[in-house]
Amino acid sequence: MSAPRLSSTPLPGIGVRYDLTTRDHRRLSVVAHRDGQRTISAYREDDPDACDLFVRLTGDEAATLIDALMPAHHTPNLLSTTDLGLVAERVELPGSSHWNGRRLGESRIRTDTGASVVAVLRRAAAIPSPAPDFRLAGGDVLIVIGTREGVEAAAAILGRE
């Protein structure tokens, strides 16, 4: 059996769309909205452009569904960021970003927004806890944690051209 195929597409001002093609060649889509909501769509087998199912979930409903899908990963030692009023988002740094090639600390994200970049995904590598002198590169995916407002402000800073 081949590995599932998952792709992601940034949706500026909205969030990120994730598309999964199952081993049965069914196409599923999840839009992760910046406000925490999720939209799940399933497409018809005979017409992959025709939507068979469309469900909009609140952030809490999405978290509950994730728990149902991934019970082996549930552990009481993990903090639930939504219970604490925090969110974690993946924010892709566009190649055209003002910050491409600059140091993370120059962005003043933590100082100006209160949000923290806790990791950077670059190609196949993960860089946990990047230091202020870490150089950003177009295509990096930054894992940002903070309040909803702080994370949105950080995304706006990172998207600056």
# chains A, B, ... in the order shown; residues from 1 in each chain; ligands from 1
>>> residues_around(residues="Val55 of chain A", least_positions_apart="6", cutoff="12 Å", atoms="only C-alpha atoms", output="PyMOL selection string")
chain A and resi 28-31+37-42+61-62
>>> closest_atom_pairs(of="segment 85-122 of chain A", to="segment 152-157 of chain A", cutoff="8 Å", atoms="only C-alpha atoms", output="CSV")
residue,atom,partner,partner_atom,distance
A:Val91,CA,A:Ala155,CA,6.2
A:Ser107,CA,A:Ile157,CA,7.4
A:Ile109,CA,A:Ala154,CA,5.8
A:Thr113,CA,A:Ala153,CA,6.2
A:Ala115,CA,A:Ala154,CA,6.8
>>> closest_residue(among="A:Thr58, A:Ser97, A:Thr9, A:Thr147", to="Ser116 of chain A", atoms="only C-alpha atoms")
A:Thr147
>>> residues_around(residues="Ala131 of chain A", least_positions_apart="3", cutoff="9 Å", atoms="only C-alpha atoms", output="list in words")
Arg103, Leu104, Gly105 and Phe134 of chain A
>>> write_last_selection(atoms="all heavy atoms", output="compact mmCIF listing (two decimals), in the first residue's frame")
# COMPACT_ATOMS: atom_id res chain seq x y z
N ARG A 103 17.30 37.75 9.93
CA ARG A 103 17.27 37.04 11.21
C ARG A 103 15.88 37.11 11.83
O ARG A 103 15.20 38.13 11.74
CB ARG A 103 18.30 37.64 12.17
CG ARG A 103 19.71 37.36 11.75
CD ARG A 103 20.69 37.90 12.80
NE ARG A 103 22.05 37.48 12.48
CZ ARG A 103 22.88 38.22 11.75
NH1 ARG A 103 22.51 39.39 11.29
NH2 ARG A 103 24.10 37.77 11.51
N LEU A 104 15.47 36.01 12.46
CA LEU A 104 14.17 35.94 13.12
C LEU A 104 14.00 37.08 14.13
O LEU A 104 12.94 37.71 14.19
CB LEU A 104 14.02 34.58 13.82
CG LEU A 104 12.74 34.37 14.63
CD1 LEU A 104 11.51 34.49 13.75
CD2 LEU A 104 12.78 33.00 15.30
N GLY A 105 15.04 37.38 14.91
CA GLY A 105 14.95 38.43 15.92
C GLY A 105 14.65 39.80 15.35
O GLY A 105 14.03 40.64 16.02
N PHE A 134 18.63 33.13 14.03
CA PHE A 134 18.26 32.17 12.99
C PHE A 134 17.83 32.92 11.74
O PHE A 134 17.01 33.83 11.80
CB PHE A 134 17.12 31.27 13.49
CG PHE A 134 16.64 30.27 12.47
CD1 PHE A 134 17.31 29.08 12.28
CD2 PHE A 134 15.53 30.54 11.69
CE1 PHE A 134 16.88 28.16 11.33
CE2 PHE A 134 15.09 29.64 10.75
CZ PHE A 134 15.76 28.45 10.57
>>> residues_around(residues="Leu142 of chain A", least_positions_apart="3", cutoff="10 Å", atoms="only C-alpha atoms", output="PDB file with N, CA and C atoms, in the first residue's frame")
ATOM      1  N   GLU A  89      -0.279  27.763  15.013  1.00  0.00           N
ATOM      2  CA  GLU A  89      -0.533  27.816  13.568  1.00  0.00           C
ATOM      3  C   GLU A  89       0.755  27.598  12.799  1.00  0.00           C
ATOM      4  N   ARG A  90       0.623  27.040  11.612  1.00  0.00           N
ATOM      5  CA  ARG A  90       1.722  26.958  10.656  1.00  0.00           C
ATOM      6  C   ARG A  90       1.623  28.195   9.781  1.00  0.00           C
ATOM      7  N   VAL A  91       2.703  28.958   9.697  1.00  0.00           N
ATOM      8  CA  VAL A  91       2.707  30.152   8.867  1.00  0.00           C
ATOM      9  C   VAL A  91       3.854  30.017   7.879  1.00  0.00           C
ATOM     10  N   GLU A  92       3.503  29.954   6.587  1.00  0.00           N
ATOM     11  CA  GLU A  92       4.541  29.816   5.560  1.00  0.00           C
ATOM     12  C   GLU A  92       5.118  31.182   5.214  1.00  0.00           C
ATOM     13  N   LEU A  93       6.444  31.238   5.136  1.00  0.00           N
ATOM     14  CA  LEU A  93       7.142  32.469   4.766  1.00  0.00           C
ATOM     15  C   LEU A  93       7.262  32.497   3.245  1.00  0.00           C
ATOM     16  N   SER A 116       5.058  33.416  19.840  1.00  0.00           N
ATOM     17  CA  SER A 116       6.411  32.857  19.754  1.00  0.00           C
ATOM     18  C   SER A 116       6.534  31.886  18.594  1.00  0.00           C
ATOM     19  N   VAL A 117       7.667  31.954  17.909  1.00  0.00           N
ATOM     20  CA  VAL A 117       7.991  30.966  16.888  1.00  0.00           C
ATOM     21  C   VAL A 117       8.682  29.829  17.634  1.00  0.00           C
ATOM     22  N   VAL A 118       8.005  28.674  17.719  1.00  0.00           N
ATOM     23  CA  VAL A 118       8.544  27.560  18.509  1.00  0.00           C
ATOM     24  C   VAL A 118       9.305  26.547  17.666  1.00  0.00           C
ATOM     25  N   ALA A 119       9.135  26.616  16.342  1.00  0.00           N
ATOM     26  CA  ALA A 119       9.867  25.709  15.453  1.00  0.00           C
ATOM     27  C   ALA A 119       9.785  26.244  14.033  1.00  0.00           C
ATOM     28  N   VAL A 120      10.733  25.814  13.218  1.00  0.00           N
ATOM     29  CA  VAL A 120      10.724  26.141  11.792  1.00  0.00           C
ATOM     30  C   VAL A 120      10.878  24.831  11.040  1.00  0.00           C
ATOM     31  N   LEU A 121      10.011  24.608  10.066  1.00  0.00           N
ATOM     32  CA  LEU A 121      10.104  23.442   9.193  1.00  0.00           C
ATOM     33  C   LEU A 121      10.730  23.917   7.894  1.00  0.00           C
ATOM     34  N   ARG A 122      11.878  23.340   7.555  1.00  0.00           N
ATOM     35  CA  ARG A 122      12.596  23.718   6.336  1.00  0.00           C
ATOM     36  C   ARG A 122      12.909  22.447   5.569  1.00  0.00           C
ATOM     37  N   ALA A 126      13.253  19.791  10.786  1.00  0.00           N
ATOM     38  CA  ALA A 126      12.566  20.623  11.769  1.00  0.00           C
ATOM     39  C   ALA A 126      13.619  21.265  12.653  1.00  0.00           C
ATOM     40  N   ILE A 127      13.511  22.556  12.833  1.00  0.00           N
ATOM     41  CA  ILE A 127      14.437  23.287  13.691  1.00  0.00           C
ATOM     42  C   ILE A 127      13.630  23.760  14.902  1.00  0.00           C
ATOM     43  N   PRO A 130      14.019  28.055  17.394  1.00  0.00           N
ATOM     44  CA  PRO A 130      15.034  28.839  16.676  1.00  0.00           C
ATOM     45  C   PRO A 130      15.438  30.081  17.475  1.00  0.00           C
ATOM     46  N   LEU A 136      15.886  33.316   8.353  1.00  0.00           N
ATOM     47  CA  LEU A 136      14.681  32.819   7.697  1.00  0.00           C
ATOM     48  C   LEU A 136      14.924  32.670   6.200  1.00  0.00           C
ATOM     49  N   GLY A 139       9.824  29.847   1.886  1.00  0.00           N
ATOM     50  CA  GLY A 139       9.387  28.461   1.909  1.00  0.00           C
ATOM     51  C   GLY A 139       9.422  27.851   3.303  1.00  0.00           C
ATOM     52  N   ILE A 145       2.957  30.071  18.148  1.00  0.00           N
ATOM     53  CA  ILE A 145       1.982  29.843  19.214  1.00  0.00           C
ATOM     54  C   ILE A 145       1.754  31.148  19.960  1.00  0.00           C
ATOM     55  N   ALA A 155       1.531  36.440  11.612  1.00  0.00           N
ATOM     56  CA  ALA A 155       1.383  36.035  10.210  1.00  0.00           C
ATOM     57  C   ALA A 155       1.425  37.252   9.297  1.00  0.00           C
ATOM     58  N   LEU A 158       5.057  38.362   9.024  1.00  0.00           N
ATOM     59  CA  LEU A 158       5.832  37.451   8.182  1.00  0.00           C
ATOM     60  C   LEU A 158       5.466  37.556   6.707  1.00  0.00           C
TER      61      LEU A 158
END
>>> closest_residue(among="A:Ala32, A:Ala137, A:Ala124, A:Leu57", to="Arg102 of chain A", atoms="only C-alpha atoms")
A:Ala137
>>> atom_distance(atom1="atom CA of Pro10 of chain A", atom2="atom CA of Gly150 of chain A")
19.0 Å
>>> closest_residue(among="A:Pro48, A:Glu106, A:Ala125, A:Tyr43", to="Val141 of chain A", atoms="only C-alpha atoms")
A:Ala125
>>> atom_distance(atom1="atom CA of His25 of chain A", atom2="atom CA of Glu45 of chain A")
7.4 Å
>>> select_by_dssp(residues="chain A", states="helix (DSSP H, G or I)", output="ChimeraX atom specification")
/A:59-69,71-73,81-84,104-107,109-113,148-158
>>> select_by_dssp(residues="chain A", states="strand (DSSP E or B)", output="PyMOL selection string")
chain A and resi 5-11+15-21+27-33+38-43+51-57+87-92+103+116-122+125-128+135+141-146
>>> decode(residues="segment 8-24 of chain A", atoms="N, CA and C atoms", output="PDB file, in the first residue's frame")
ATOM      1  N   SER A   8      -0.682  20.762   0.745  1.00  0.00           N
ATOM      2  CA  SER A   8      -1.243  21.934   1.413  1.00  0.00           C
ATOM      3  C   SER A   8      -1.121  23.139   0.489  1.00  0.00           C
ATOM      4  N   THR A   9      -2.103  24.017   0.598  1.00  0.00           N
ATOM      5  CA  THR A   9      -2.132  25.226  -0.212  1.00  0.00           C
ATOM      6  C   THR A   9      -2.461  26.404   0.691  1.00  0.00           C
ATOM      7  N   PRO A  10      -1.551  27.376   0.804  1.00  0.00           N
ATOM      8  CA  PRO A  10      -1.874  28.570   1.592  1.00  0.00           C
ATOM      9  C   PRO A  10      -3.042  29.319   0.955  1.00  0.00           C
ATOM     10  N   LEU A  11      -3.960  29.776   1.777  1.00  0.00           N
ATOM     11  CA  LEU A  11      -5.091  30.585   1.316  1.00  0.00           C
ATOM     12  C   LEU A  11      -4.968  31.942   2.006  1.00  0.00           C
ATOM     13  N   PRO A  12      -4.304  32.902   1.368  1.00  0.00           N
ATOM     14  CA  PRO A  12      -4.043  34.197   2.011  1.00  0.00           C
ATOM     15  C   PRO A  12      -5.300  34.820   2.597  1.00  0.00           C
ATOM     16  N   GLY A  13      -5.181  35.233   3.855  1.00  0.00           N
ATOM     17  CA  GLY A  13      -6.293  35.856   4.555  1.00  0.00           C
ATOM     18  C   GLY A  13      -7.320  34.883   5.093  1.00  0.00           C
ATOM     19  N   ILE A  14      -7.203  33.604   4.748  1.00  0.00           N
ATOM     20  CA  ILE A  14      -8.171  32.599   5.182  1.00  0.00           C
ATOM     21  C   ILE A  14      -7.510  31.568   6.077  1.00  0.00           C
ATOM     22  N   GLY A  15      -6.439  30.950   5.608  1.00  0.00           N
ATOM     23  CA  GLY A  15      -5.762  29.881   6.343  1.00  0.00           C
ATOM     24  C   GLY A  15      -5.007  28.987   5.386  1.00  0.00           C
ATOM     25  N   VAL A  16      -5.170  27.677   5.558  1.00  0.00           N
ATOM     26  CA  VAL A  16      -4.480  26.700   4.720  1.00  0.00           C
ATOM     27  C   VAL A  16      -5.461  25.594   4.347  1.00  0.00           C
ATOM     28  N   ARG A  17      -5.407  25.162   3.087  1.00  0.00           N
ATOM     29  CA  ARG A  17      -6.218  24.022   2.653  1.00  0.00           C
ATOM     30  C   ARG A  17      -5.312  22.814   2.546  1.00  0.00           C
ATOM     31  N   TYR A  18      -5.757  21.692   3.137  1.00  0.00           N
ATOM     32  CA  TYR A  18      -5.045  20.429   3.069  1.00  0.00           C
ATOM     33  C   TYR A  18      -5.893  19.467   2.243  1.00  0.00           C
ATOM     34  N   ASP A  19      -5.279  18.845   1.242  1.00  0.00           N
ATOM     35  CA  ASP A  19      -5.972  17.888   0.384  1.00  0.00           C
ATOM     36  C   ASP A  19      -5.351  16.516   0.566  1.00  0.00           C
ATOM     37  N   LEU A  20      -6.195  15.521   0.756  1.00  0.00           N
ATOM     38  CA  LEU A  20      -5.756  14.143   0.941  1.00  0.00           C
ATOM     39  C   LEU A  20      -6.448  13.280  -0.094  1.00  0.00           C
ATOM     40  N   THR A  21      -5.667  12.456  -0.763  1.00  0.00           N
ATOM     41  CA  THR A  21      -6.227  11.449  -1.663  1.00  0.00           C
ATOM     42  C   THR A  21      -6.018  10.105  -0.980  1.00  0.00           C
ATOM     43  N   THR A  22      -7.116   9.391  -0.735  1.00  0.00           N
ATOM     44  CA  THR A  22      -7.039   8.118  -0.021  1.00  0.00           C
ATOM     45  C   THR A  22      -6.594   7.000  -0.953  1.00  0.00           C
ATOM     46  N   ARG A  23      -6.315   5.844  -0.377  1.00  0.00           N
ATOM     47  CA  ARG A  23      -5.898   4.699  -1.196  1.00  0.00           C
ATOM     48  C   ARG A  23      -7.014   4.256  -2.139  1.00  0.00           C
ATOM     49  N   ASP A  24      -8.259   4.608  -1.788  1.00  0.00           N
ATOM     50  CA  ASP A  24      -9.398   4.300  -2.659  1.00  0.00           C
ATOM     51  C   ASP A  24      -9.652   5.409  -3.671  1.00  0.00           C
TER      52      ASP A  24
END
